[in-house]
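Listing of model07.txt; format and content: compact mmCIF, C-alpha atoms and all ligand atoms.
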# COMPACT_ATOMS: atom_id res chain seq x y z
CA MET G 387 28.69 -52.79 68.61
CA THR G 388 27.91 -56.42 69.38
CA GLY G 389 25.31 -58.84 68.09
CA ALA G 390 24.61 -60.83 64.94
CA PRO G 391 23.37 -58.84 61.94
CA HIS G 392 19.74 -59.89 62.50
CA GLU G 393 19.65 -58.97 66.20
CA LEU G 394 17.94 -55.85 67.57
CA GLU G 395 19.07 -54.49 70.92
CA ASP G 396 16.82 -52.09 72.83
CA LEU G 397 18.76 -49.40 74.67
CA ARG G 398 17.56 -47.80 77.91
CA GLU G 399 18.80 -44.90 80.05
CA ASP G 400 20.75 -47.31 82.29
CA ASP G 401 22.91 -48.21 79.29
CA LEU G 402 24.48 -44.73 79.31
CA ALA G 403 26.78 -45.80 82.15
CA ARG G 404 28.31 -48.46 79.87
CA TRP G 405 29.92 -45.76 77.79
CA LEU G 406 30.11 -42.67 79.98
CA ARG G 407 32.77 -43.47 82.54
CA PRO G 408 34.08 -40.97 85.11
CA ARG G 409 37.07 -38.97 83.91
CA ALA G 410 40.61 -39.56 85.09
CA ARG G 411 41.37 -37.12 87.90
CA ASP G 412 44.39 -35.68 86.05
CA SER G 413 42.79 -35.46 82.60
CA HIS G 414 43.13 -32.30 80.51
CA LYS G 415 41.25 -30.81 77.56
CA GLY G 416 43.59 -32.50 75.09
CA ASP G 417 42.38 -35.86 76.37
CA HIS G 418 38.78 -35.11 75.48
CA GLY G 419 39.12 -34.43 71.80
CA ARG G 420 38.75 -31.56 69.37
CA VAL G 421 35.59 -31.22 67.27
CA LEU G 422 35.35 -29.05 64.16
CA CYS G 423 31.76 -28.11 63.24
CA ILE G 424 31.22 -26.92 59.65
CA GLY G 425 27.96 -25.36 58.51
CA GLY G 426 25.58 -22.47 59.06
CA ASP G 427 25.12 -20.81 55.68
CA SER G 428 23.21 -17.54 55.57
CA GLY G 429 19.78 -18.09 57.19
CA HIS G 430 20.75 -21.26 59.07
CA GLY G 431 23.31 -20.09 61.62
CA GLY G 432 21.38 -21.52 64.57
CA ALA G 433 21.92 -25.07 63.36
CA ILE G 434 25.69 -24.97 63.73
CA MET G 435 25.49 -23.06 67.02
CA LEU G 436 23.25 -25.73 68.53
CA ALA G 437 25.53 -28.50 67.28
CA ALA G 438 28.67 -26.85 68.69
CA GLU G 439 27.06 -26.18 72.06
CA ALA G 440 25.85 -29.78 72.30
CA ALA G 441 29.36 -31.08 71.59
CA LEU G 442 30.68 -28.97 74.48
CA ARG G 443 27.86 -30.01 76.82
CA CYS G 444 28.66 -33.66 76.11
CA GLY G 445 32.25 -33.13 77.14
CA ALA G 446 34.36 -32.42 74.05
CA GLY G 447 37.65 -30.80 75.11
CA LEU G 448 37.76 -28.18 72.35
CA VAL G 449 35.20 -27.11 69.74
CA ASP G 450 35.95 -25.10 66.59
CA VAL G 451 33.30 -23.79 64.22
CA ALA G 452 33.76 -22.79 60.58
CA THR G 453 30.72 -20.81 59.49
CA HIS G 454 29.35 -17.85 57.57
CA VAL G 455 30.87 -14.54 58.63
CA LEU G 456 27.44 -13.23 59.66
CA HIS G 457 27.12 -15.82 62.42
CA VAL G 458 30.44 -15.42 64.19
CA PRO G 459 29.41 -12.56 66.54
CA ALA G 460 26.15 -14.25 67.56
CA LEU G 461 27.93 -17.54 68.14
CA LEU G 462 30.60 -15.96 70.32
CA ALA G 463 28.01 -13.97 72.25
CA ARG G 464 26.08 -17.12 72.99
CA ARG G 465 29.03 -19.49 73.63
CA PRO G 466 32.43 -17.86 74.08
CA GLU G 467 33.94 -21.31 74.70
CA VAL G 468 33.59 -22.03 70.97
CA MET G 469 36.45 -21.02 68.67
CA ALA G 470 34.68 -19.55 65.65
CA GLN G 471 36.22 -18.81 62.26
CA ALA G 472 34.47 -17.07 59.36
CA VAL G 473 34.62 -18.81 55.99
CA ASP G 474 33.70 -16.53 53.11
CA ASP G 475 35.32 -18.34 50.17
CA GLY G 476 34.18 -21.93 50.79
CA ARG G 477 37.65 -22.95 52.08
CA VAL G 478 38.01 -24.14 55.66
CA PRO G 479 41.41 -23.04 57.02
CA ALA G 480 43.77 -26.02 56.58
CA ALA G 481 44.97 -25.77 60.19
CA LEU G 482 41.42 -26.33 61.45
CA LEU G 483 40.99 -29.47 59.36
CA ALA G 484 44.39 -30.77 60.42
CA SER G 485 43.77 -30.36 64.14
CA ALA G 486 40.31 -31.95 64.30
CA ASP G 487 39.78 -35.38 65.86
CA VAL G 488 36.17 -35.27 64.68
CA ILE G 489 34.60 -33.21 61.92
CA LEU G 490 30.86 -32.61 62.03
CA CYS G 491 29.76 -31.33 58.63
CA GLY G 492 26.26 -30.40 57.53
CA PRO G 493 24.00 -28.53 59.98
CA GLY G 494 22.70 -25.51 58.07
CA LEU G 495 25.45 -26.04 55.47
CA GLY G 496 23.13 -25.45 52.49
CA GLN G 497 23.61 -27.07 49.11
CA GLY G 498 25.01 -24.08 47.25
CA ASP G 499 28.60 -23.50 46.14
CA TRP G 500 29.77 -22.43 49.63
CA GLY G 501 28.57 -25.59 51.37
CA ALA G 502 29.40 -27.96 48.52
CA ALA G 503 32.99 -26.68 48.39
CA MET G 504 33.53 -27.25 52.12
CA PHE G 505 31.92 -30.68 52.01
CA ALA G 506 34.23 -31.71 49.14
CA GLN G 507 37.21 -30.28 51.03
CA VAL G 508 36.35 -32.36 54.10
CA LEU G 509 36.17 -35.56 52.05
CA ASP G 510 39.36 -34.75 50.11
CA ASP G 511 41.59 -33.26 52.80
CA ALA G 512 40.61 -34.50 56.28
CA ARG G 513 43.25 -36.61 58.03
CA PRO G 514 42.57 -40.32 57.44
CA ASP G 515 42.16 -40.87 61.20
CA THR G 516 39.70 -37.99 61.66
CA ARG G 517 36.20 -39.29 62.32
CA LEU G 518 33.42 -37.75 60.19
CA VAL G 519 29.87 -37.11 61.35
CA LEU G 520 27.70 -36.11 58.37
CA ASP G 521 24.29 -34.55 58.93
CA ALA G 522 21.62 -32.52 57.12
CA ASP G 523 22.93 -30.88 53.93
CA ALA G 524 26.13 -32.95 53.92
CA LEU G 525 23.78 -35.92 53.48
CA ASN G 526 21.83 -34.15 50.73
CA LEU G 527 25.09 -33.36 48.91
CA LEU G 528 26.22 -36.97 49.33
CA ALA G 529 22.90 -38.19 47.91
CA ARG G 530 23.31 -35.91 44.88
CA ARG G 531 26.85 -37.13 44.26
CA PRO G 532 27.63 -40.40 46.09
CA ARG G 533 31.27 -40.83 47.11
CA ALA G 534 33.25 -43.35 49.13
CA LEU G 535 33.50 -42.29 52.77
CA PRO G 536 36.35 -42.83 55.22
CA ALA G 537 35.95 -45.92 57.41
CA ASP G 538 33.64 -45.49 60.40
CA SER G 539 31.99 -42.32 59.16
CA ILE G 540 28.68 -41.63 60.91
CA LEU G 541 25.56 -40.55 58.98
CA THR G 542 22.56 -39.11 60.87
CA PRO G 543 19.62 -38.92 58.42
CA HIS G 544 16.00 -38.18 59.24
CA PRO G 545 13.59 -40.18 57.07
CA GLY G 546 13.56 -37.46 54.38
CA GLU G 547 17.35 -37.47 54.11
CA ALA G 548 17.42 -41.28 54.29
CA ALA G 549 15.01 -41.38 51.35
CA ARG G 550 17.27 -39.11 49.28
CA LEU G 551 20.31 -41.24 50.15
CA LEU G 552 18.47 -44.38 49.03
CA GLY G 553 16.66 -42.86 46.04
CA ILE G 554 13.20 -43.75 47.42
CA GLU G 555 10.30 -41.93 49.12
CA ALA G 556 10.27 -41.02 52.83
CA SER G 557 7.04 -43.05 53.21
CA GLU G 558 8.93 -46.17 52.03
CA VAL G 559 11.64 -45.52 54.61
CA GLN G 560 8.99 -45.29 57.32
CA ARG G 561 7.23 -48.47 56.14
CA ASP G 562 10.40 -50.52 56.68
CA ARG G 563 12.78 -48.58 58.90
CA ALA G 564 14.95 -51.61 59.69
CA GLY G 565 15.32 -52.38 55.98
CA ALA G 566 16.17 -48.75 55.20
CA LEU G 567 18.80 -48.75 57.96
CA GLN G 568 20.39 -51.90 56.54
CA GLY G 569 20.31 -50.47 53.02
CA LEU G 570 22.02 -47.25 54.15
CA CYS G 571 24.74 -49.08 56.09
CA ALA G 572 25.45 -51.29 53.09
CA ARG G 573 25.34 -48.57 50.44
CA TYR G 574 27.56 -46.10 52.30
CA ALA G 575 29.67 -48.53 54.38
CA ALA G 576 29.00 -46.27 57.36
CA VAL G 577 27.51 -46.19 60.83
CA VAL G 578 23.95 -44.89 60.40
CA VAL G 579 21.54 -43.25 62.83
CA LEU G 580 18.03 -43.33 61.32
CA LYS G 581 16.20 -40.67 63.32
CA GLY G 582 12.52 -40.38 64.25
CA ALA G 583 10.27 -42.05 66.84
CA GLY G 584 12.19 -45.24 67.66
CA THR G 585 15.60 -44.13 66.37
CA LEU G 586 17.65 -47.00 64.92
CA VAL G 587 21.44 -47.21 64.94
CA GLY G 588 23.29 -49.66 62.73
CA ALA G 589 26.58 -50.59 61.13
CA THR G 590 27.37 -53.15 58.45
CA GLY G 591 27.56 -56.73 59.71
CA ARG G 592 26.28 -55.89 63.20
CA GLY G 593 22.93 -56.01 64.95
CA ALA G 594 20.91 -52.79 65.08
CA ARG G 595 20.14 -50.85 68.25
CA ARG G 596 16.80 -49.18 68.90
CA ILE G 597 16.02 -46.26 71.17
CA SER G 598 12.46 -45.95 72.36
CA ALA G 599 13.15 -42.93 74.58
CA GLY G 600 12.30 -39.56 73.03
CA ASN G 601 8.94 -37.86 72.47
CA PRO G 602 6.97 -35.83 69.91
CA GLY G 603 8.00 -32.61 71.64
CA MET G 604 11.31 -33.25 69.90
CA ALA G 605 9.71 -32.77 66.48
CA VAL G 606 11.01 -29.22 66.09
CA GLY G 607 13.67 -27.57 63.94
CA GLY G 608 17.15 -27.75 65.43
CA MET G 609 16.64 -30.95 67.44
CA GLY G 610 18.66 -32.98 64.93
CA ASP G 611 21.47 -30.43 65.04
CA VAL G 612 21.74 -31.04 68.79
CA LEU G 613 21.93 -34.79 68.12
CA ALA G 614 24.72 -34.38 65.58
CA GLY G 615 26.77 -32.29 68.04
CA THR G 616 26.11 -34.81 70.79
CA ILE G 617 27.45 -37.69 68.70
CA ALA G 618 30.47 -35.66 67.58
CA GLY G 619 31.26 -34.71 71.18
CA LEU G 620 31.17 -38.34 72.29
CA CYS G 621 33.28 -39.49 69.34
CA ALA G 622 35.90 -36.90 70.26
CA GLN G 623 36.18 -38.44 73.72
CA GLY G 624 37.28 -41.73 72.23
CA LEU G 625 34.13 -43.79 71.87
CA GLU G 626 34.23 -46.09 68.87
CA ALA G 627 32.00 -44.78 66.03
CA ALA G 628 29.13 -47.26 66.45
CA ASP G 629 29.11 -46.73 70.23
CA ALA G 630 29.30 -42.94 69.95
CA ALA G 631 26.32 -43.05 67.58
CA ALA G 632 24.26 -45.32 69.86
CA CYS G 633 25.24 -43.58 73.08
CA GLY G 634 24.66 -40.15 71.51
CA ALA G 635 21.21 -41.04 70.21
CA LEU G 636 20.28 -42.51 73.61
CA LEU G 637 21.64 -39.53 75.55
CA HIS G 638 19.81 -37.09 73.26
CA ALA G 639 16.48 -38.94 73.52
CA CYS G 640 16.74 -39.20 77.33
CA ALA G 641 17.61 -35.50 77.55
CA GLY G 642 14.53 -34.78 75.42
CA ASP G 643 12.35 -36.77 77.81
CA ALA G 644 13.87 -35.11 80.88
CA ALA G 645 13.38 -31.63 79.39
CA ALA G 646 9.79 -32.44 78.38
CA GLY G 647 9.18 -33.66 81.93
CA GLU G 648 9.92 -30.16 83.21
CA GLY G 649 7.46 -28.20 81.11
CA GLY G 650 5.65 -30.50 78.70
CA GLU G 651 6.25 -31.63 75.15
CA ARG G 652 4.63 -28.80 73.20
CA GLY G 653 6.99 -25.84 73.01
CA LEU G 654 10.09 -27.86 73.90
CA LEU G 655 13.18 -26.25 72.33
CA PRO G 656 16.43 -27.90 71.30
CA ALA G 657 18.37 -25.57 73.63
CA ASP G 658 16.28 -26.89 76.56
CA LEU G 659 18.19 -30.18 76.23
CA MET G 660 21.59 -28.64 76.99
CA PRO G 661 21.55 -28.83 80.81
CA TRP G 662 20.13 -32.35 80.59
CA LEU G 663 22.80 -33.49 78.17
CA ARG G 664 25.35 -32.42 80.74
CA ARG G 665 23.56 -34.09 83.64
CA LEU G 666 22.93 -37.36 81.82
CA ALA G 667 26.47 -37.45 80.39
CA ASN G 668 27.63 -37.91 83.98
CA PRO G 669 25.60 -40.99 84.99
CA GLN G 670 27.72 -41.79 88.04
CA ALA G 671 27.05 -38.31 89.44
CA THR G 672 23.27 -38.62 89.00
CA ALA G 673 22.88 -42.28 90.08
N1 LIG J 1 17.87 -23.14 63.43
C1 LIG J 1 18.39 -23.52 62.27
O1 LIG J 1 19.30 -22.90 61.73
C2 LIG J 1 17.85 -24.74 61.61
C3 LIG J 1 18.41 -25.15 60.41
N2 LIG J 1 18.04 -26.28 59.79
C4 LIG J 1 18.71 -26.59 58.53
O2 LIG J 1 17.78 -26.47 57.49
C5 LIG J 1 18.22 -27.24 56.38
C6 LIG J 1 17.04 -28.03 55.84
O3 LIG J 1 16.75 -29.13 56.71
P1 LIG J 1 15.28 -29.75 56.94
O4 LIG J 1 15.47 -31.01 57.72
O5 LIG J 1 14.36 -28.72 57.51
O6 LIG J 1 14.75 -30.03 55.47
P2 LIG J 1 14.55 -31.40 54.70
O7 LIG J 1 13.90 -31.08 53.41
O8 LIG J 1 15.80 -32.20 54.66
O9 LIG J 1 13.57 -32.25 55.63
C7 LIG J 1 12.21 -32.01 55.74
C8 LIG J 1 11.44 -33.14 55.08
O10 LIG J 1 11.95 -34.45 55.39
C9 LIG J 1 10.90 -35.37 55.64
N3 LIG J 1 10.97 -35.86 57.03
C10 LIG J 1 11.76 -35.37 58.02
N4 LIG J 1 11.56 -36.05 59.16
C11 LIG J 1 10.63 -36.99 58.88
C12 LIG J 1 10.00 -38.01 59.65
N5 LIG J 1 10.30 -38.21 60.94
N6 LIG J 1 9.10 -38.79 59.05
C13 LIG J 1 8.80 -38.62 57.74
N7 LIG J 1 9.36 -37.67 56.95
C14 LIG J 1 10.25 -36.88 57.52
C15 LIG J 1 9.63 -34.62 55.38
O11 LIG J 1 9.27 -34.84 54.04
C16 LIG J 1 10.02 -33.17 55.60
O12 LIG J 1 9.23 -32.27 54.87
C17 LIG J 1 19.40 -28.10 56.91
O13 LIG J 1 20.61 -27.49 56.56
C18 LIG J 1 19.23 -28.02 58.39
O14 LIG J 1 20.46 -28.22 59.09
C19 LIG J 1 17.10 -27.22 60.42
O15 LIG J 1 17.92 -28.11 61.16
C20 LIG J 1 16.12 -26.51 61.30
C21 LIG J 1 16.76 -25.52 62.26
N1 LIG J 2 8.06 -38.17 67.68
C1 LIG J 2 9.36 -38.28 68.05
N2 LIG J 2 9.72 -39.19 68.95
C2 LIG J 2 11.01 -39.32 69.31
N3 LIG J 2 12.02 -38.55 68.80
C3 LIG J 2 11.70 -37.64 67.89
C4 LIG J 2 10.37 -37.44 67.47
N4 LIG J 2 10.36 -36.45 66.54
C5 LIG J 2 11.63 -36.04 66.39
N5 LIG J 2 12.45 -36.75 67.21
C6 LIG J 2 13.90 -36.62 67.29
O1 LIG J 2 14.28 -35.24 67.14
C7 LIG J 2 15.35 -35.12 66.20
C8 LIG J 2 14.85 -34.37 64.96
O2 LIG J 2 15.89 -34.29 64.01
P1 LIG J 2 15.71 -33.62 62.57
O3 LIG J 2 14.43 -34.07 61.95
O4 LIG J 2 16.97 -33.84 61.85
O5 LIG J 2 15.55 -32.08 62.96
P2 LIG J 2 16.31 -30.76 62.43
O6 LIG J 2 16.94 -31.07 61.10
O7 LIG J 2 15.26 -29.74 62.28
O8 LIG J 2 17.31 -30.40 63.45
C9 LIG J 2 15.82 -36.54 65.90
O9 LIG J 2 16.83 -36.93 66.81
C10 LIG J 2 14.56 -37.37 66.14
O10 LIG J 2 14.83 -38.72 66.46

Please go through the file and, once you have read it, give me the structure as structure tokens.
Ligand SMILES: NC(=O)C1=CN([C@@H]2O[C@H](COP(=O)(O)OP(=O)(O)OC[C@H]3O[C@@H](n4cnc5c(N)ncnc54)[C@H](O)[C@@H]3O)[C@@H](O)[C@H]2O)[C@@H](O)CC1
Ligand SMILES: Nc1ncnc2c1ncn2[C@@H]1O[C@H](COP(=O)(O)OP(=O)(O)O)[C@@H](O)[C@H]1O
Amino acid sequence: MTGAPHELEDLREDDLARWLRPRARDSHKGDHGRVLCIGGDSGHGGAIMLAAEAALRCGAGLVDVATHVLHVPALLARRPEVMAQAVDDGRVPAALLASADVILCGPGLGQGDWGAAMFAQVLDDARPDTRLVLDADALNLLARRPRALPADSILTPHPGEAARLLGIEASEVQRDRAGALQGLCARYAAVVVLKGAGTLVGATGRGARRISAGNPGMAVGGMGDVLAGTIAGLCAQGLEAADAAACGALLHACAGDAAAGEGGERGLLPADLMPWLRRLANPQATA
């Protein structure tokens, strides 16, 4: 990310082509990264399914999911491309952690023993060069028990989660979103995506980026899970953390606008973004 700390860069759909270059003709799945998605406790299986599908639709080479046993059949029925493993004891298989280029932890994870154990395992045992994307309940667990994060970890809070991470009210976050973004980057030494109308993306010592694409049709459960998978999928393909976060937030917002353009904002579903994520992730093909 470029720019002095006080600068604010507005991103537009055209900017996607800066980051989303055509693939080498002879590339193979190993070149496009392996994402491990961890989450989906009982009652919240859809969150991790949406995240995993978004990572694939944005071009990740391989996607693993570690989730509650109840969700494995539904996940495989919906997306057989995903490699799903049941976790019943709160331990992610070590081989999955070891092979991941990017770990997305949090969608539907819950804050009980099962989710907390896997979150701690990720922070303790992930390879030092594995990029972390932390969303939803991983952020709530981090807020309850702050810990140092690996360099270039990406946090994707909505204003409620941002408030918990900062120990303030969501209304205070919304009153000064730029200040909250700066506070989060500084406190957690991470790349931060502060979601909501006018999503902001920041990293310590760098100017923030703002995304004005997106629409109120996107205010529906599961939309943030799609964003987290989008960012993880882009990270896996080699984008630097701050760029993956900015490009992912932009791609997601533009996909939301394109999908709303087809049938309107009200009733828009997170899964409606999937074909648009794919289309917009190939800007040269659609130019
Ligand atoms: N299909 C699924 O399985 C879904 C599972 N989900 C999971 O459900 C769990 C709980 O997440 P939730 O996000 O619903 O609960 P939270 O309690 O984290 O967030 C909801 C609260 O945050 C605040 N907030 C959020 N966005 C705001 C904004 N733009 N402006 C101001 N305040 C705002 C509000 O106070 C709101 O009541 C997570 O694990 C999540 O991943 C959700 O993602 C929904 C869909
Ligand atoms: N009014 C809006 N304008 C633009 N984007 C929005 C709007 N409402 C929600 N979004 C986007 O939709 C997503 C919602 O994420 P989140 O609140 O985490 O949902 P969930 O946890 O239910 O998946 C975020 O990317 C956010 O920026």

(Q) For a test of reading the model, state the distance in Å between atom CA of G:Cys423 and atom P2 of ligand LIG 1 (chain J), rounded to one decimal. (A) 19.5 Å

Q. How many Å separate atom CA of G:Arg561 from atom O2 of ligand LIG 1 (chain J)?
A. 24.4 Å

Q | Non-local contacts of G:Pro532 (12 Å; all atoms listed in the file; under 6 positions in same chain excluded) as a PyMOL selection string | A | chain G and resi 506+509+524-526+550-553+570+573-575

Q.
Around ligand LIG 1 (chain J), which protein and nucleic acid residues have at least one atom no more than 8 Å from it, if we count only C-alpha atoms and all ligand atoms? List them as number ranges by chain.
A. G: 425-426, 429-434, 436, 492-496, 521-523, 526, 544-547, 556-557, 560, 581-583, 605-611

Build an axis-aligned box that encloses every atom of stretch 444-451 of chain G listed in the file, pad it by 8 Å on each side, and report its centre and edge lengths in Å to one decimal, as AutoDock Vina command-line options.
--center_x 33.2 --center_y -28.7 --center_z 70.7 --size_x 25.1 --size_y 25.9 --size_z 28.9

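For G:Gly649, the non-local neighbours within 12 Å, defined as residues at least 5 positions apart in the same chain or in other chains and counting all atoms listed in the file, are G:Gly603, G:Gly642, G:Asp643, G:Ala644, G:Leu654, G:Leu655, G:Asp658, G:Leu659.
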
Would you mind exporting C-alpha atoms of the selected residues as a compact mmCIF listing (two decimals), in the frame of the given file?
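Saved the output as again34.txt:
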# COMPACT_ATOMS: atom_id res chain seq x y z
CA GLY G 603 8.00 -32.61 71.64
CA GLY G 642 14.53 -34.78 75.42
CA ASP G 643 12.35 -36.77 77.81
CA ALA G 644 13.87 -35.11 80.88
CA LEU G 654 10.09 -27.86 73.90
CA LEU G 655 13.18 -26.25 72.33
CA ASP G 658 16.28 -26.89 76.56
CA LEU G 659 18.19 -30.18 76.23

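What separates atom CA of G:Gly447 from atom CA of G:Ala410 is a distance of 13.6 Å.
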
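Distances to G:Leu397 were evaluated for G:Ala618, G:Ile597, G:Cys640, G:Val488 using all atoms listed in the file, and the minimum falls at G:Ile597.
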
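Closest approach to ligand LIG 2 (chain J) from the set G:Ile617, G:Leu663, G:Leu442, G:Ala599 is made by G:Ala599, with distances taken over all atoms listed in the file.
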
(Q) as a ChimeraX atom specification, please: the residues near G:Ala639 (cut-off 9 Å, all atoms listed in the file, same-chain neighbours under 6 positions excluded). (A) /G:585,597-601,604,613

Given the selection you just returned, output its residues as a file containing C-alpha atoms, formatted as an mmCIF file, in the coordinates of the input.
data_model
loop_
_atom_site.group_PDB
_atom_site.id
_atom_site.type_symbol
_atom_site.label_atom_id
_atom_site.label_comp_id
_atom_site.auth_asym_id
_atom_site.auth_seq_id
_atom_site.Cartn_x
_atom_site.Cartn_y
_atom_site.Cartn_z
ATOM 1 C CA THR G 585 15.600 -44.130 66.370
ATOM 2 C CA ILE G 597 16.020 -46.260 71.170
ATOM 3 C CA SER G 598 12.460 -45.950 72.360
ATOM 4 C CA ALA G 599 13.150 -42.930 74.580
ATOM 5 C CA GLY G 600 12.300 -39.560 73.030
ATOM 6 C CA ASN G 601 8.940 -37.860 72.470
ATOM 7 C CA MET G 604 11.310 -33.250 69.900
ATOM 8 C CA LEU G 613 21.930 -34.790 68.120
#

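Ranking G:Ala671, G:Ala594, G:Gly584, G:Ala628 by their shortest atom-to-atom distance to ligand LIG 2 (chain J), with only C-alpha atoms and all ligand atoms included, puts G:Gly584 first.
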
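With all atoms listed in the file as the atoms that count, the minimum distance from G:Pro661 to the choices G:Arg563, G:Arg592, G:Arg513, G:Arg443 is reached by G:Arg443.
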
Coordinates of stretch 619-643 of chain G, N, CA and C atoms, as a tab-separated table (two decimals), in the first residue's frame:
chain	number	residue	atom	x	y	z
G	619	GLY	N	-8.78	-15.72	-0.64
G	619	GLY	CA	-8.48	-16.26	-1.97
G	619	GLY	C	-7.48	-15.41	-2.72
G	620	LEU	N	-7.55	-14.11	-2.55
G	620	LEU	CA	-6.60	-13.22	-3.23
G	620	LEU	C	-5.22	-13.29	-2.58
G	621	CYS	N	-5.20	-13.36	-1.26
G	621	CYS	CA	-3.93	-13.52	-0.53
G	621	CYS	C	-3.21	-14.78	-1.02
G	622	ALA	N	-3.97	-15.85	-1.17
G	622	ALA	CA	-3.36	-17.14	-1.56
G	622	ALA	C	-2.68	-17.04	-2.92
G	623	GLN	N	-3.18	-16.12	-3.76
G	623	GLN	CA	-2.60	-15.98	-5.11
G	623	GLN	C	-1.40	-15.03	-5.12
G	624	GLY	N	-0.95	-14.65	-3.95
G	624	GLY	CA	0.33	-13.94	-3.87
G	624	GLY	C	0.24	-12.45	-3.69
G	625	LEU	N	-0.96	-11.89	-3.59
G	625	LEU	CA	-1.03	-10.45	-3.32
G	625	LEU	C	-0.52	-10.19	-1.91
G	626	GLU	N	0.20	-9.11	-1.76
G	626	GLU	CA	0.67	-8.66	-0.45
G	626	GLU	C	-0.57	-8.39	0.43
G	627	ALA	N	-0.44	-8.54	1.75
G	627	ALA	CA	-1.62	-8.50	2.64
G	627	ALA	C	-2.46	-7.23	2.45
G	628	ALA	N	-1.82	-6.07	2.45
G	628	ALA	CA	-2.59	-4.82	2.36
G	628	ALA	C	-3.30	-4.72	1.00
G	629	ASP	N	-2.67	-5.23	-0.04
G	629	ASP	CA	-3.28	-5.19	-1.37
G	629	ASP	C	-4.41	-6.22	-1.49
G	630	ALA	N	-4.20	-7.39	-0.92
G	630	ALA	CA	-5.26	-8.41	-0.94
G	630	ALA	C	-6.49	-7.89	-0.22
G	631	ALA	N	-6.27	-7.19	0.90
G	631	ALA	CA	-7.39	-6.65	1.68
G	631	ALA	C	-8.13	-5.58	0.87
G	632	ALA	N	-7.37	-4.66	0.25
G	632	ALA	CA	-8.00	-3.58	-0.51
G	632	ALA	C	-8.67	-4.11	-1.76
G	633	CYS	N	-7.96	-4.96	-2.49
G	633	CYS	CA	-8.51	-5.52	-3.72
G	633	CYS	C	-9.75	-6.37	-3.41
G	634	GLY	N	-9.66	-7.15	-2.33
G	634	GLY	CA	-10.79	-8.02	-1.96
G	634	GLY	C	-12.02	-7.21	-1.58
G	635	ALA	N	-11.81	-6.15	-0.80
G	635	ALA	CA	-12.96	-5.33	-0.39
G	635	ALA	C	-13.58	-4.64	-1.61
G	636	LEU	N	-12.72	-4.20	-2.54
G	636	LEU	CA	-13.22	-3.55	-3.76
G	636	LEU	C	-13.98	-4.54	-4.65
G	637	LEU	N	-13.39	-5.70	-4.85
G	637	LEU	CA	-14.01	-6.74	-5.68
G	637	LEU	C	-15.38	-7.14	-5.12
G	638	HIS	N	-15.44	-7.32	-3.82
G	638	HIS	CA	-16.66	-7.72	-3.13
G	638	HIS	C	-17.74	-6.64	-3.27
G	639	ALA	N	-17.36	-5.38	-3.07
G	639	ALA	CA	-18.34	-4.30	-3.17
G	639	ALA	C	-18.85	-4.17	-4.62
G	640	CYS	N	-17.95	-4.28	-5.59
G	640	CYS	CA	-18.36	-4.18	-7.00
G	640	CYS	C	-19.25	-5.36	-7.38
G	641	ALA	N	-18.94	-6.54	-6.86
G	641	ALA	CA	-19.78	-7.70	-7.13
G	641	ALA	C	-21.16	-7.49	-6.51
G	642	GLY	N	-21.21	-6.87	-5.34
G	642	GLY	CA	-22.49	-6.56	-4.70
G	642	GLY	C	-23.32	-5.61	-5.54
G	643	ASP	N	-22.66	-4.61	-6.13
G	643	ASP	CA	-23.38	-3.65	-6.97
G	643	ASP	C	-23.86	-4.33	-8.26
